Amino acid sequence: MPAGELRYPSSISCPQISQATETPMEEDEAWVWAQIKVEARRDAELEPALASYLYSTILSHSSLERSLAFHLGNKLCSSTLLSTLLYDLFLNTFSSDPSLRAAAVADLRAARVRDPACVSFSHCLLNYKGFLACQAHRVAHKLWTQSRRPLALALHSRISDVFAVDIHPAAKIGKGILLDHATGVVIGETAVVGNNVSILHHVTLGGTGKACGDRHPKIGDGVLIGAGATILGNVKIGEGAKIGAGSVVLIDVPPRTTAVGNPARLVGGKEKPSRHEECPGESMDHTSFISEWSDYII
């Protein structure tokens, strides 16, 4: 089966799917949810110590949004921010906005396809803090756009405390996002992240000082940002670009090019930079540029 292709396994029955009434997006969501439940049942049988946990977080729920709302509510609650309140907030938001559910499904698929350590959809749903932080951020962003900013900021604070991922609720995040490992990711208020982007741990999309206004990076579709990279200011990272691990980027990076170093420079030179055809945000190819990087010496 080609990487990332979804097919209905013969062991899964999805009678709730109606080809005549459901959209492809709804069919995709239904299939992923059915697969998650199959995986949870298998894991409960293989590891009885997790049976109660898997039942309460996945198997007792009728839909992905209910499972996700329950799990996030329990993860992010505190002594004064109750899990029941958060469950209602997440469930109402996910249920009323199909685009949020579609984004969650796209993120699940992104992790499953791009990360060889992601052994199942259920593993991502339960244990990938980058995935969970991204879904919670989308709810905080929805609250921000509805002028419910105190609640958005309170949720943002809990996401940062629990997952060590700091995404301002005003930041705009696309779908098909992989926050791999996720620890230390910081995304500022006016940042925009496109679709099918992969971001490694300790990446900063920040400002350059205390200036107000539009001051954070704009990340195009299909971009790959390596671990520890720092991108500062209202700069544009073009579609399909690659930012090497540890790089510091202060100016625009053209589409389909690779920027590495501190300060970052384009592989192949500024005038005629080397260009790649693949989508690095999906291929996760971090090192192919080294063959063209003449001063890379050990």
# chains A, B, ... in the order shown; residues from 1 in each chain; ligands from 1
call {"tool": "closest_atom_pairs", "arguments": {"of": "stretch 177-287 of chain A", "to": "stretch 80-104 of chain A", "cutoff": "12 Å", "atoms": "only C-alpha atoms", "output": "JSON lines"}}
result
{"residue": "A:Ile177", "atom": "CA", "partner": "A:Ala103", "partner_atom": "CA", "distance": 8.4}
{"residue": "A:Leu178", "atom": "CA", "partner": "A:Ala104", "partner_atom": "CA", "distance": 10.8}
{"residue": "A:Gly194", "atom": "CA", "partner": "A:Ala103", "partner_atom": "CA", "distance": 11.9}
{"residue": "A:Asn195", "atom": "CA", "partner": "A:Ala103", "partner_atom": "CA", "distance": 9.5}
{"residue": "A:Asn196", "atom": "CA", "partner": "A:Ala103", "partner_atom": "CA", "distance": 10.5}
call {"tool": "write_last_selection", "arguments": {"atoms": "N, CA, C and O atoms", "output": "short mmCIF file (atom, residue, chain, number, x, y, z; two decimals), in the first residue's frame"}}
result
data_model
loop_
_atom_site.label_atom_id
_atom_site.label_comp_id
_atom_site.auth_asym_id
_atom_site.auth_seq_id
_atom_site.Cartn_x
_atom_site.Cartn_y
_atom_site.Cartn_z
N ILE A 177 -0.75 18.98 10.21
CA ILE A 177 0.40 19.49 10.95
C ILE A 177 1.01 18.37 11.79
O ILE A 177 0.31 17.63 12.47
N LEU A 178 2.33 18.28 11.76
CA LEU A 178 3.06 17.38 12.65
C LEU A 178 3.98 18.23 13.52
O LEU A 178 4.92 18.85 13.01
N GLY A 194 0.99 27.13 7.35
CA GLY A 194 0.15 26.56 6.30
C GLY A 194 -0.18 25.10 6.53
O GLY A 194 0.00 24.56 7.63
N ASN A 195 -0.64 24.45 5.48
CA ASN A 195 -1.02 23.04 5.55
C ASN A 195 0.18 22.13 5.31
O ASN A 195 1.15 22.49 4.64
N ASN A 196 0.10 20.92 5.88
CA ASN A 196 1.10 19.86 5.65
C ASN A 196 2.51 20.31 6.02
O ASN A 196 3.48 20.04 5.33
#
call {"tool": "closest_atom_pairs", "arguments": {"of": "stretch 72-158 of chain A", "to": "stretch 40-47 of chain A", "cutoff": "12 Å", "atoms": "only C-alpha atoms", "output": "Markdown table"}}
result
| residue | atom | partner | partner_atom | distance |
| --- | --- | --- | --- | --- |
| A:Val119 | CA | A:Asp43 | CA | 11.6 |
| A:Ser120 | CA | A:Ala40 | CA | 9.5 |
| A:Phe121 | CA | A:Ala40 | CA | 9.5 |
| A:Ser122 | CA | A:Ala40 | CA | 6.5 |
| A:His123 | CA | A:Ala40 | CA | 8.8 |
| A:Cys124 | CA | A:Ala40 | CA | 11.7 |
| A:Leu125 | CA | A:Ala40 | CA | 10.7 |
| A:Leu126 | CA | A:Ala40 | CA | 10.2 |
call {"tool": "select_by_dssp", "arguments": {"residues": "stretch 106-208 of chain A", "states": "strand (DSSP E or B)", "output": "PyMOL selection string"}}
result
chain A and resi 166-167+172-173+178-180+186-187+192-193+198-200+204-206
call {"tool": "closest_residue", "arguments": {"among": "A:Leu232, A:Val193, A:Ala34, A:Leu266", "to": "A:Gly209", "atoms": "only C-alpha atoms"}}
result
A:Leu232
call {"tool": "select_by_dssp", "arguments": {"residues": "stretch 59-183 of chain A", "states": "helix (DSSP H, G or I)", "output": "PyMOL selection string"}}
result
chain A and resi 59+64-76+83-96+98-114+121-127+129-145+149-163
call {"tool": "residues_around", "arguments": {"residues": "A:Ser62", "least_positions_apart": "4", "cutoff": "10 Å", "atoms": "only C-alpha atoms", "output": "list in words"}}
result
Trp33, Lys37, Ile58, Arg66 and Ser67 of chain A
call {"tool": "residues_around", "arguments": {"residues": "stretch 182-185 of chain A", "least_positions_apart": "5", "cutoff": "8 Å", "atoms": "only C-alpha atoms", "output": "PyMOL selection string"}}
result
chain A and resi 129-130+163-167+199-204
call {"tool": "write_last_selection", "arguments": {"atoms": "all heavy atoms", "output": "JSON list (two decimals), in the first residue's frame"}}
result
[["chain", "number", "residue", "atom", "x", "y", "z"],
["A", 129, "LYS", "N", 1.86, 14.55, 22.40],
["A", 129, "LYS", "CA", 1.50, 15.84, 22.96],
["A", 129, "LYS", "C", 1.49, 16.95, 21.90],
["A", 129, "LYS", "O", 0.76, 17.93, 22.06],
["A", 129, "LYS", "CB", 2.42, 16.20, 24.12],
["A", 129, "LYS", "CG", 3.87, 16.47, 23.75],
["A", 129, "LYS", "CD", 4.64, 16.84, 25.00],
["A", 129, "LYS", "CE", 6.07, 17.23, 24.67],
["A", 129, "LYS", "NZ", 6.80, 17.66, 25.88],
["A", 130, "GLY", "N", 2.27, 16.79, 20.84],
["A", 130, "GLY", "CA", 2.20, 17.76, 19.76],
["A", 130, "GLY", "C", 0.84, 17.76, 19.09],
["A", 130, "GLY", "O", 0.26, 18.82, 18.81],
["A", 163, "PHE", "N", 1.78, 20.61, 28.08],
["A", 163, "PHE", "CA", 2.44, 20.01, 26.91],
["A", 163, "PHE", "C", 3.77, 20.65, 26.57],
["A", 163, "PHE", "O", 4.47, 20.17, 25.66],
["A", 163, "PHE", "CB", 1.51, 20.10, 25.69],
["A", 163, "PHE", "CG", 0.21, 19.37, 25.85],
["A", 163, "PHE", "CD1", -1.00, 20.02, 25.61],
["A", 163, "PHE", "CD2", 0.17, 18.04, 26.23],
["A", 163, "PHE", "CE1", -2.22, 19.35, 25.75],
["A", 163, "PHE", "CE2", -1.03, 17.37, 26.37],
["A", 163, "PHE", "CZ", -2.23, 18.02, 26.14],
["A", 164, "ALA", "N", 4.15, 21.75, 27.24],
["A", 164, "ALA", "CA", 5.39, 22.47, 26.93],
["A", 164, "ALA", "C", 5.41, 22.95, 25.48],
["A", 164, "ALA", "O", 6.44, 22.96, 24.82],
["A", 164, "ALA", "CB", 6.62, 21.61, 27.22],
["A", 165, "VAL", "N", 4.22, 23.33, 25.00],
["A", 165, "VAL", "CA", 4.06, 23.89, 23.65],
["A", 165, "VAL", "C", 3.34, 25.22, 23.82],
["A", 165, "VAL", "O", 2.24, 25.28, 24.39],
["A", 165, "VAL", "CB", 3.23, 22.95, 22.75],
["A", 165, "VAL", "CG1", 2.95, 23.60, 21.40],
["A", 165, "VAL", "CG2", 3.94, 21.62, 22.58],
["A", 166, "ASP", "N", 3.94, 26.30, 23.32],
["A", 166, "ASP", "CA", 3.42, 27.65, 23.55],
["A", 166, "ASP", "C", 2.99, 28.25, 22.21],
["A", 166, "ASP", "O", 3.80, 28.79, 21.47],
["A", 166, "ASP", "CB", 4.49, 28.50, 24.22],
["A", 166, "ASP", "CG", 3.96, 29.84, 24.72],
["A", 166, "ASP", "OD1", 2.91, 30.28, 24.22],
["A", 166, "ASP", "OD2", 4.60, 30.44, 25.60],
["A", 167, "ILE", "N", 1.69, 28.15, 21.90],
["A", 167, "ILE", "CA", 1.14, 28.71, 20.67],
["A", 167, "ILE", "C", 0.12, 29.77, 21.07],
["A", 167, "ILE", "O", -0.89, 29.46, 21.72],
["A", 167, "ILE", "CB", 0.45, 27.65, 19.80],
["A", 167, "ILE", "CG1", 1.36, 26.45, 19.57],
["A", 167, "ILE", "CG2", 0.02, 28.25, 18.47],
["A", 167, "ILE", "CD1", 0.71, 25.31, 18.80],
["A", 199, "ILE", "N", 7.05, 20.39, 12.02],
["A", 199, "ILE", "CA", 7.88, 21.22, 12.88],
["A", 199, "ILE", "C", 8.45, 20.34, 13.98],
["A", 199, "ILE", "O", 7.71, 19.64, 14.67],
["A", 199, "ILE", "CB", 7.06, 22.38, 13.49],
["A", 199, "ILE", "CG1", 6.54, 23.30, 12.37],
["A", 199, "ILE", "CG2", 7.89, 23.17, 14.48],
["A", 199, "ILE", "CD1", 5.61, 24.40, 12.87],
["A", 200, "LEU", "N", 9.75, 20.37, 14.15],
["A", 200, "LEU", "CA", 10.41, 19.58, 15.18],
["A", 200, "LEU", "C", 10.48, 20.36, 16.50],
["A", 200, "LEU", "O", 10.07, 21.53, 16.57],
["A", 200, "LEU", "CB", 11.81, 19.18, 14.72],
["A", 200, "LEU", "CG", 11.92, 17.91, 13.84],
["A", 200, "LEU", "CD1", 11.64, 16.66, 14.65],
["A", 200, "LEU", "CD2", 11.05, 17.99, 12.62],
["A", 201, "HIS", "N", 10.98, 19.71, 17.54],
["A", 201, "HIS", "CA", 11.03, 20.29, 18.87],
["A", 201, "HIS", "C", 11.94, 21.52, 18.94],
["A", 201, "HIS", "O", 12.86, 21.68, 18.15],
["A", 201, "HIS", "CB", 11.49, 19.25, 19.90],
["A", 201, "HIS", "CG", 12.70, 18.48, 19.47],
["A", 201, "HIS", "ND1", 12.69, 17.55, 18.44],
["A", 201, "HIS", "CD2", 13.98, 18.52, 19.90],
["A", 201, "HIS", "CE1", 13.89, 17.04, 18.28],
["A", 201, "HIS", "NE2", 14.70, 17.62, 19.14],
["A", 202, "HIS", "N", 11.64, 22.38, 19.91],
["A", 202, "HIS", "CA", 12.42, 23.59, 20.20],
["A", 202, "HIS", "C", 12.51, 24.54, 19.00],
["A", 202, "HIS", "O", 13.53, 25.22, 18.84],
["A", 202, "HIS", "CB", 13.81, 23.22, 20.73],
["A", 202, "HIS", "CG", 13.79, 22.58, 22.07],
["A", 202, "HIS", "ND1", 13.42, 23.25, 23.22],
["A", 202, "HIS", "CD2", 14.05, 21.31, 22.46],
["A", 202, "HIS", "CE1", 13.46, 22.42, 24.25],
["A", 202, "HIS", "NE2", 13.83, 21.24, 23.83],
["A", 203, "VAL", "N", 11.48, 24.59, 18.22],
["A", 203, "VAL", "CA", 11.39, 25.57, 17.13],
["A", 203, "VAL", "C", 10.69, 26.82, 17.64],
["A", 203, "VAL", "O", 9.69, 26.73, 18.36],
["A", 203, "VAL", "CB", 10.64, 24.98, 15.91],
["A", 203, "VAL", "CG1", 10.20, 26.09, 14.95],
["A", 203, "VAL", "CG2", 11.51, 23.97, 15.19],
["A", 204, "THR", "N", 11.21, 27.98, 17.27],
["A", 204, "THR", "CA", 10.60, 29.25, 17.64],
["A", 204, "THR", "C", 10.19, 30.02, 16.38],
["A", 204, "THR", "O", 11.03, 30.24, 15.50],
["A", 204, "THR", "CB", 11.57, 30.12, 18.46],
["A", 204, "THR", "OG1", 11.87, 29.45, 19.69],
["A", 204, "THR", "CG2", 10.97, 31.48, 18.77]]
call {"tool": "closest_residue", "arguments": {"among": "A:Lys175, A:Arg112, A:His286, A:Lys218", "to": "A:Val197", "atoms": "only C-alpha atoms"}}
result
A:Lys175
call {"tool": "atom_distance", "arguments": {"atom1": "atom CA of A:Pro217", "atom2": "atom CA of A:Ala191"}}
result
5.1 Å
call {"tool": "closest_residue", "arguments": {"among": "A:Leu54, A:Ala170, A:Leu179, A:Cys279", "to": "A:Gln146", "atoms": "only C-alpha atoms"}}
result
A:Ala170
call {"tool": "atom_distance", "arguments": {"atom1": "atom CA of A:Cys212", "atom2": "atom CA of A:Pro169"}}
result
16.2 Å
